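Everything below belongs to structure.txt, which stores compact mmCIF, C-alpha atoms and all ligand atoms.
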```txt
# COMPACT_ATOMS: atom_id res chain seq x y z
CA MET L 12 16.20 -9.73 16.27
CA ASN L 13 15.16 -8.24 12.93
CA LYS L 14 18.71 -8.05 11.58
CA ASN L 15 18.37 -8.96 7.98
CA ALA L 16 14.70 -8.08 8.06
CA ILE L 17 12.42 -6.65 5.37
CA GLY L 18 10.96 -3.24 6.20
CA VAL L 19 7.40 -2.47 5.09
CA PHE L 20 5.75 0.91 5.56
CA ASP L 21 2.68 3.02 4.87
CA SER L 22 0.86 5.96 6.41
CA GLY L 23 -1.32 3.55 8.39
CA LEU L 24 -3.18 0.28 7.97
CA GLY L 25 -3.02 0.13 4.16
CA GLY L 26 0.41 -1.46 3.99
CA LEU L 27 -0.98 -4.51 5.75
CA THR L 28 -2.33 -5.53 2.32
CA ALA L 29 1.33 -6.06 1.32
CA MET L 30 2.35 -7.39 4.74
CA LYS L 31 -0.33 -10.11 4.64
CA GLU L 32 0.90 -11.38 1.27
CA LEU L 33 4.56 -11.13 2.28
CA CYS L 34 3.96 -13.21 5.44
CA LYS L 35 2.30 -15.85 3.24
CA ILE L 36 4.92 -16.06 0.49
CA MET L 37 8.04 -15.44 2.63
CA PRO L 38 7.33 -17.26 5.91
CA HIS L 39 11.02 -17.42 6.88
CA GLU L 40 11.60 -13.66 6.80
CA ASP L 41 11.65 -11.27 9.74
CA ILE L 42 9.45 -8.32 8.80
CA VAL L 43 9.25 -4.92 10.48
CA TYR L 44 6.13 -2.89 9.67
CA PHE L 45 5.74 0.83 10.26
CA GLY L 46 2.41 2.69 9.99
CA ASP L 47 2.65 6.47 10.38
CA THR L 48 -0.71 6.70 12.13
CA SER L 49 -0.07 10.11 13.70
CA ARG L 50 0.23 11.70 10.23
CA VAL L 51 -2.20 9.68 8.11
CA PRO L 52 -3.48 10.59 5.52
CA TYR L 53 -0.51 11.35 3.28
CA GLY L 54 -2.58 11.56 0.12
CA THR L 55 -3.94 15.06 0.74
CA ARG L 56 -0.48 16.56 1.40
CA SER L 57 2.08 18.36 -0.77
CA ALA L 58 4.95 16.52 -2.49
CA ASP L 59 7.51 18.19 -0.16
CA THR L 60 5.71 16.94 2.93
CA ILE L 61 5.27 13.42 1.54
CA ILE L 62 9.01 13.29 0.68
CA ARG L 63 9.97 14.45 4.21
CA TYR L 64 7.65 11.90 5.84
CA ALA L 65 8.91 9.09 3.59
CA ARG L 66 12.54 9.86 4.53
CA GLN L 67 11.70 9.76 8.23
CA ASP L 68 9.83 6.45 7.76
CA LEU L 69 12.83 4.90 5.98
CA ASN L 70 15.27 6.35 8.53
CA PHE L 71 13.29 4.66 11.28
CA LEU L 72 13.22 1.32 9.43
CA SER L 73 16.97 1.66 8.76
CA THR L 74 17.60 1.34 12.52
CA PHE L 75 16.74 -2.37 12.10
CA GLU L 76 19.51 -2.90 9.54
CA ILE L 77 16.93 -4.01 7.00
CA LYS L 78 18.07 -5.73 3.80
CA ALA L 79 15.23 -4.32 1.65
CA ALA L 80 12.19 -2.07 1.98
CA LEU L 81 8.73 -2.34 0.53
CA VAL L 82 6.96 0.99 0.10
CA ALA L 83 3.47 -0.33 0.72
CA CYS L 84 1.94 3.05 -0.05
CA GLY L 85 0.75 4.25 -3.46
CA THR L 86 1.20 7.90 -2.51
CA ILE L 87 4.86 7.59 -1.46
CA SER L 88 5.60 5.31 -4.42
CA ALA L 89 4.08 7.85 -6.82
CA VAL L 90 5.38 11.07 -5.30
CA ALA L 91 8.58 10.43 -3.29
CA LEU L 92 10.27 7.17 -4.21
CA ASP L 93 12.27 8.39 -7.24
CA THR L 94 13.62 11.32 -5.22
CA ILE L 95 14.74 9.43 -2.13
CA LYS L 96 15.68 5.89 -3.13
CA SER L 97 19.34 6.65 -3.93
CA ASP L 98 19.85 7.89 -0.34
CA TYR L 99 19.66 4.32 0.99
CA SER L 100 22.00 1.39 0.51
CA PHE L 101 19.30 -1.33 0.37
CA PRO L 102 16.85 -2.00 -2.48
CA ILE L 103 13.49 -0.22 -2.18
CA VAL L 104 10.47 -1.54 -4.06
CA GLY L 105 7.33 0.57 -4.62
CA VAL L 106 3.87 -0.49 -5.74
CA ILE L 107 3.32 1.38 -9.04
CA GLU L 108 5.34 -0.73 -11.46
CA SER L 109 4.13 -4.08 -10.12
CA ALA L 110 0.47 -3.02 -10.13
CA ALA L 111 0.67 -1.50 -13.63
CA LYS L 112 2.28 -4.69 -14.96
CA ALA L 113 -0.41 -6.86 -13.38
CA ALA L 114 -3.17 -4.65 -14.84
CA LEU L 115 -1.72 -4.80 -18.35
CA LYS L 116 -1.31 -8.55 -18.09
CA ILE L 117 -4.98 -9.15 -17.30
CA SER L 118 -6.82 -6.35 -19.19
CA LYS L 119 -8.40 -7.40 -22.46
CA ASN L 120 -10.10 -4.17 -23.56
CA ARG L 121 -7.07 -2.01 -22.57
CA ARG L 122 -9.30 0.33 -20.56
CA ILE L 123 -7.88 0.60 -17.07
CA GLY L 124 -9.40 2.53 -14.16
CA ILE L 125 -7.17 3.89 -11.41
CA LEU L 126 -8.45 4.72 -7.94
CA GLY L 127 -6.00 6.55 -5.71
CA THR L 128 -5.35 9.37 -3.30
CA GLN L 129 -5.39 12.94 -4.60
CA ALA L 130 -1.56 13.03 -4.56
CA THR L 131 -1.26 9.77 -6.50
CA VAL L 132 -3.80 10.87 -9.12
CA ASN L 133 -2.14 14.32 -9.43
CA SER L 134 1.27 12.68 -9.98
CA GLY L 135 0.07 10.82 -13.10
CA ALA L 136 2.49 8.01 -12.15
CA TYR L 137 0.12 5.15 -13.02
CA GLU L 138 -0.96 6.64 -16.34
CA ARG L 139 2.70 7.13 -17.32
CA LYS L 140 3.67 3.55 -16.48
CA LEU L 141 0.64 2.10 -18.25
CA THR L 142 0.85 4.14 -21.44
CA GLU L 143 4.64 3.79 -21.70
CA ALA L 144 4.21 0.01 -21.67
CA ASP L 145 1.19 0.07 -24.01
CA PRO L 146 0.46 3.30 -25.91
CA ASN L 147 -2.98 1.89 -26.88
CA CYS L 148 -4.06 1.62 -23.29
CA LYS L 149 -6.73 4.11 -22.12
CA THR L 150 -6.91 5.20 -18.48
CA MET L 151 -9.30 7.03 -16.21
CA SER L 152 -8.22 8.08 -12.71
CA ILE L 153 -10.51 8.93 -9.81
CA PRO L 154 -9.28 10.36 -6.49
CA CYS L 155 -11.12 8.79 -3.54
CA PRO L 156 -10.08 10.87 -0.50
CA LEU L 157 -12.77 9.51 1.84
CA PHE L 158 -11.64 5.86 1.60
CA VAL L 159 -8.52 6.19 3.79
CA PRO L 160 -10.26 7.78 6.81
CA LEU L 161 -13.08 5.22 6.47
CA VAL L 162 -10.60 2.33 6.58
CA GLU L 163 -8.53 3.87 9.41
CA ASN L 164 -11.73 4.19 11.43
CA GLY L 165 -12.84 0.61 10.89
CA HIS L 166 -15.63 1.11 8.32
CA THR L 167 -14.55 -2.00 6.46
CA ASP L 168 -17.61 -4.24 6.67
CA PRO L 169 -18.91 -4.85 3.12
CA ASN L 170 -22.35 -3.64 4.27
CA ASP L 171 -21.12 -0.47 5.96
CA PRO L 172 -23.45 2.32 4.76
CA LEU L 173 -20.83 5.11 4.89
CA THR L 174 -18.31 3.10 2.88
CA ASN L 175 -20.93 2.05 0.33
CA GLY L 176 -22.04 5.69 -0.01
CA ALA L 177 -18.45 6.77 -0.73
CA ILE L 178 -18.00 3.92 -3.22
CA GLU L 179 -21.12 5.00 -5.10
CA LEU L 180 -19.98 8.63 -5.07
CA TYR L 181 -16.59 7.88 -6.61
CA LEU L 182 -17.11 4.78 -8.72
CA SER L 183 -20.29 5.88 -10.48
CA LYS L 184 -17.99 8.31 -12.39
CA LEU L 185 -15.90 5.37 -13.57
CA LEU L 186 -18.69 3.03 -14.74
CA PRO L 187 -19.34 4.78 -18.13
CA PHE L 188 -15.62 4.39 -18.98
CA LYS L 189 -16.16 0.61 -19.10
CA ALA L 190 -12.78 -0.38 -17.67
CA ASP L 191 -12.35 -4.14 -17.50
CA THR L 192 -9.59 -3.68 -14.90
CA ILE L 193 -9.36 -1.31 -11.93
CA ILE L 194 -6.15 -0.67 -10.00
CA LEU L 195 -6.93 -0.14 -6.31
CA GLY L 196 -4.09 2.38 -6.41
CA CYS L 197 -3.94 3.15 -2.71
CA THR L 198 -3.00 0.25 -0.46
CA HIS L 199 -5.88 1.01 1.90
CA TYR L 200 -8.47 0.25 -0.81
CA PRO L 201 -8.12 -3.55 -1.03
CA ILE L 202 -9.31 -3.61 2.60
CA ILE L 203 -12.74 -2.56 1.26
CA ALA L 204 -12.42 -4.64 -1.93
CA GLN L 205 -15.51 -6.74 -1.19
CA ALA L 206 -17.78 -3.67 -1.23
CA ILE L 207 -16.01 -2.27 -4.31
CA ARG L 208 -16.38 -5.63 -6.06
CA ARG L 209 -20.12 -5.64 -5.37
CA PHE L 210 -20.48 -2.19 -6.94
CA VAL L 211 -18.45 -2.86 -10.10
CA GLY L 212 -19.59 -6.46 -10.64
CA SER L 213 -17.80 -9.77 -10.77
CA GLU L 214 -16.46 -9.36 -14.33
CA THR L 215 -14.14 -6.45 -13.50
CA ASN L 216 -10.55 -7.30 -12.49
CA LEU L 217 -9.38 -5.60 -9.30
CA ILE L 218 -5.63 -5.15 -8.86
CA ASN L 219 -4.18 -5.15 -5.33
CA PRO L 220 -0.86 -3.22 -5.55
CA GLY L 221 0.41 -4.34 -2.12
CA LYS L 222 0.07 -7.96 -3.13
CA GLU L 223 1.77 -7.40 -6.50
CA ALA L 224 4.67 -5.51 -4.87
CA ALA L 225 5.10 -8.29 -2.28
CA LEU L 226 5.53 -10.76 -5.16
CA THR L 227 8.09 -8.41 -6.76
CA ILE L 228 10.22 -8.02 -3.63
CA SER L 229 10.07 -11.76 -3.04
CA SER L 230 11.45 -12.45 -6.56
CA LEU L 231 14.10 -9.77 -6.13
CA LEU L 232 15.37 -11.29 -2.87
CA HIS L 233 15.34 -14.83 -4.30
CA GLU L 234 17.15 -13.79 -7.49
CA ASN L 235 19.86 -12.02 -5.51
CA GLY L 236 20.38 -14.82 -2.98
CA MET L 237 19.07 -12.55 -0.22
CA SER L 238 16.11 -14.59 1.01
CA ASN L 239 15.94 -16.75 4.15
CA ASN L 240 14.98 -20.35 3.56
CA ALA L 241 14.67 -21.68 7.09
CA GLY L 242 13.29 -20.72 10.48
CA VAL L 243 10.07 -18.99 11.38
CA GLY L 244 10.08 -15.28 10.56
CA LYS L 245 9.39 -12.81 13.37
CA HIS L 246 7.01 -9.94 12.72
CA SER L 247 6.88 -6.65 14.56
CA TYR L 248 4.67 -3.63 14.08
CA TYR L 249 5.37 0.01 14.91
CA VAL L 250 3.05 3.00 14.73
CA SER L 251 3.50 6.69 15.48
CA ASP L 252 0.28 7.12 17.50
CA SER L 253 -1.88 5.07 19.85
CA THR L 254 -1.62 1.33 19.22
CA ASP L 255 -5.31 0.62 19.93
CA ASN L 256 -6.98 1.19 16.55
CA PHE L 257 -4.10 -0.41 14.71
CA GLU L 258 -4.25 -3.53 16.88
CA THR L 259 -8.03 -3.81 16.60
CA TYR L 260 -8.48 -3.19 12.87
CA GLY L 261 -5.13 -4.70 11.93
CA SER L 262 -6.07 -7.96 13.65
CA VAL L 263 -9.34 -8.10 11.69
CA PHE L 264 -7.57 -7.61 8.38
CA MET L 265 -4.63 -9.93 9.10
CA GLY L 266 -7.07 -12.65 10.21
CA ARG L 267 -5.13 -13.18 13.44
CA SER L 268 -4.55 -11.18 16.59
CA ILE L 269 -1.64 -8.74 16.51
CA ASN L 270 -2.54 -7.46 20.00
CA GLY L 271 0.61 -6.90 22.02
CA GLU L 272 2.86 -6.92 18.91
CA VAL L 273 2.34 -3.23 18.09
CA HIS L 274 4.68 -0.60 19.56
CA LYS L 275 4.47 3.18 19.54
CA ILE L 276 7.44 5.31 18.44
CA ASP L 277 8.12 9.02 17.97
CA ILE L 278 8.66 9.42 14.22
CA GLU L 279 9.76 13.06 14.56
CA LYS L 280 13.06 11.80 16.03
CA TYR L 281 14.11 10.25 12.70
N1 LIG W 301 -2.10 3.75 1.73
C1 LIG W 301 -1.51 4.89 1.14
C2 LIG W 301 -1.53 4.87 -0.35
O1 LIG W 301 -1.37 3.78 -0.87
C3 LIG W 301 -1.65 6.20 1.82
C4 LIG W 301 -2.98 6.81 1.91
C5 LIG W 301 -2.95 8.10 2.65
O2 LIG W 301 -2.31 8.16 3.69
O3 LIG W 301 -3.57 9.06 2.16
O4 LIG W 301 -1.62 5.84 -1.03
```
Represent the structure from my file as structure tokens, please.
Amino acid sequence: MNKNAIGVFDSGLGGLTAMKELCKIMPHEDIVYFGDTSRVPYGTRSADTIIRYARQDLNFLSTFEIKAALVACGTISAVALDTIKSDYSFPIVGVIESAAKAALKISKNRRIGILGTQATVNSGAYERKLTEADPNCKTMSIPCPLFVPLVENGHTDPNDPLTNGAIELYLSKLLPFKADTIILGCTHYPIIAQAIRRFVGSETNLINPGKEAALTISSLLHENGMSNNAGVGKHSYYVSDSTDNFETYGSVFMGRSINGEVHKIDIEKY
């Protein structure tokens, strides 16, 4: 099983935002998901640590003889991907380029807000991609370090008071910038998109990078004759800590039970 599979990974639950879309648009593919739940969050760590973790994550996924990998993590895509991608023989797709393209396609006033982890914001990766493609585009980036622990601990209800407090704290800084488009630049953030949407209003476009990257990897596999066109894809989930939270909150987000499909591994072995 899983030979010829697509590998998807993140520090935790966030990559499920890509996984959900991938399952929908590529129903014939086997997909192996890894969430590094024993070391989440990545976004507060140094570049060296993020690069080391990302290598171990990919080394683990490589044991499944995957045909491609989706880095369903803004932090790894921004900080580690360029350094490590040539070490692997399969194509590796990150989230930055796809999300930046989607934002530029939809923004009318060319004012784009970027929410991300501290590491993603510090890297300047989104700003670079956006302004390279359109030098007239203006950006404002806000690090939102409380969002990942809130999501990992299940504070995802749109009425959750803690999550709404954090949204107000971070996004009130962005409102005067008058962005018509906001990139939810950490894959955990679309899980609380409903509450974010309520705060910024219905006119603002919200970009989900996991979803955009899933569309990119799907096109890449189709164009290169690497996609499966028959059979029902098998999905398996691996985490590096207890499976309980991941099964509970992952099932809520995926809209179906993943209980019993999640396995624990020791990531330090890879
Ligand atoms: N979901 C990840 C991202 O897109 C990682 C967040 C974290 O672990 O800090 O950045």
At a cut-off of 6 Å, using only C-alpha atoms, what residues contact L:Ala89? Leave out same-chain residues fewer than 4 positions from it and give the result as an mmCIF file with C-alpha atoms, in the frame of the given file.
```cif
data_model
loop_
_atom_site.group_PDB
_atom_site.id
_atom_site.type_symbol
_atom_site.label_atom_id
_atom_site.label_comp_id
_atom_site.auth_asym_id
_atom_site.auth_seq_id
_atom_site.Cartn_x
_atom_site.Cartn_y
_atom_site.Cartn_z
ATOM 1 C CA GLY L 85 0.750 4.250 -3.460
ATOM 2 C CA THR L 131 -1.260 9.770 -6.500
ATOM 3 C CA ALA L 136 2.490 8.010 -12.150
#
```
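Distances here use only C-alpha atoms and all ligand atoms; by that measure, the residue among L:Leu72, L:Ile194, L:Val43, L:Ala144 closest to ligand LIG 301 (chain W) is L:Ile194.
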TODO: Could you check which of L:Gln129, L:Ser57, L:Ser213, L:Thr74 is closest to ligand LIG 301 (chain W), using only C-alpha atoms and all ligand atoms?
DONE: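 Once distances to ligand LIG 301 (chain W) are computed over only C-alpha atoms and all ligand atoms, the minimum belongs to L:Gln129.
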TODO: Using all atoms listed in the file, determine which residues lie at most 10 Å from stretch 272-277 of chain L, disregarding the query and same-chain residues fewer than 6 positions distant; provide the list as a PyMOL selection string.
DONE: chain L and resi 44-49+71+246-255+257-258+261
- [ ] Give me the residues within 10 Å of L:Ala110 as a list in words, counting all atoms listed in the file and dropping any in the same chain fewer than 4 places off.
- [x]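 In the requested form, the answer reads Gly85, Gly105, Val106, Ala114, Leu115, Lys116, Tyr137, Lys140, Leu141, Ile194, Leu195, Gly196, Ile218, Asn219, Pro220, Gly221, Lys222, Glu223, Ala224 and Thr227 of chain L.
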Per-residue nearest contacts chain L to ligand LIG 301 (chain W), cut-off 6 Å, using all atoms listed in the file, as a Markdown table:
```
| residue | atom | partner | partner_atom | distance |
| --- | --- | --- | --- | --- |
| L:Asp21 | CA | W:LIG301 | N1 | 5.8 |
| L:Ser22 | CA | W:LIG301 | O2 | 4.7 |
| L:Gly25 | CA | W:LIG301 | N1 | 4.5 |
| L:Val51 | CA | W:LIG301 | O2 | 4.7 |
| L:Pro52 | CA | W:LIG301 | O2 | 3.3 |
| L:Tyr53 | CA | W:LIG301 | O2 | 3.7 |
| L:Gly54 | CA | W:LIG301 | O3 | 3.4 |
| L:Cys84 | CA | W:LIG301 | O1 | 3.5 |
| L:Gly85 | CA | W:LIG301 | O1 | 3.4 |
| L:Thr86 | CA | W:LIG301 | O4 | 3.8 |
| L:Thr128 | CA | W:LIG301 | O4 | 5.6 |
| L:Val159 | CA | W:LIG301 | C4 | 5.9 |
| L:Cys197 | CA | W:LIG301 | O1 | 3.2 |
| L:Thr198 | CA | W:LIG301 | O1 | 3.9 |
| L:His199 | CA | W:LIG301 | N1 | 4.7 |
```
Task: Atom-to-atom span, atom CA of L:Ala177 and atom CA of L:Val90, Å - done: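 Separation of atom CA of L:Ala177 and atom CA of L:Val90: 24.6 Å.
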Open item on the list: Quick check, in Å to one decimal: how far apart do atom CA of L:Thr60 and atom CA of L:Glu279 lie?
Closed with: 12.9 Å
- [ ] Measuring atom to atom with only C-alpha atoms, identify which of L:Val243, L:Ile193, L:Ile153, L:Val162 is nearest to L:Asp41.
- [x] L:Val243
Task: Using all atoms listed in the file: which of L:Ala130, L:Leu217, L:Cys155, L:Ile17 has the shortest distance to L:Ser73 - done: L:Ile17
Open item on the list: Let me make sure I understand: among L:Ile269, L:Leu157, L:Ile278, L:Ile77, which one has the smallest atom-to-atom distance to L:Ala65 if we use all atoms listed in the file?
Closed with: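 For L:Ala65, the nearest of the candidates is L:Ile278.
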- [ ] May I ask which of the residues L:Gly124, L:Pro154, L:Gly135, L:Gly26 is the closest one to L:Ile202, counting only C-alpha atoms?
- [x]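 Among L:Gly124, L:Pro154, L:Gly135, L:Gly26, it is L:Gly26 that comes nearest to L:Ile202.
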TODO: For L:Met265, list every protein, DNA or RNA residue within 9 Å, evaluated using only C-alpha atoms, and leave out those in the same chain fewer than 3 positions away; present the list as an MDAnalysis selection string.
DONE: chainID L and resid 27:28 30:31 260:262 268:269
Selected residues written out with C-alpha atoms, as an mmCIF file, in the coordinates of the input:
```cif
data_model
loop_
_atom_site.group_PDB
_atom_site.id
_atom_site.type_symbol
_atom_site.label_atom_id
_atom_site.label_comp_id
_atom_site.auth_asym_id
_atom_site.auth_seq_id
_atom_site.Cartn_x
_atom_site.Cartn_y
_atom_site.Cartn_z
ATOM 1 C CA LEU L 27 -0.980 -4.510 5.750
ATOM 2 C CA THR L 28 -2.330 -5.530 2.320
ATOM 3 C CA MET L 30 2.350 -7.390 4.740
ATOM 4 C CA LYS L 31 -0.330 -10.110 4.640
ATOM 5 C CA TYR L 260 -8.480 -3.190 12.870
ATOM 6 C CA GLY L 261 -5.130 -4.700 11.930
ATOM 7 C CA SER L 262 -6.070 -7.960 13.650
ATOM 8 C CA SER L 268 -4.550 -11.180 16.590
ATOM 9 C CA ILE L 269 -1.640 -8.740 16.510
#
```
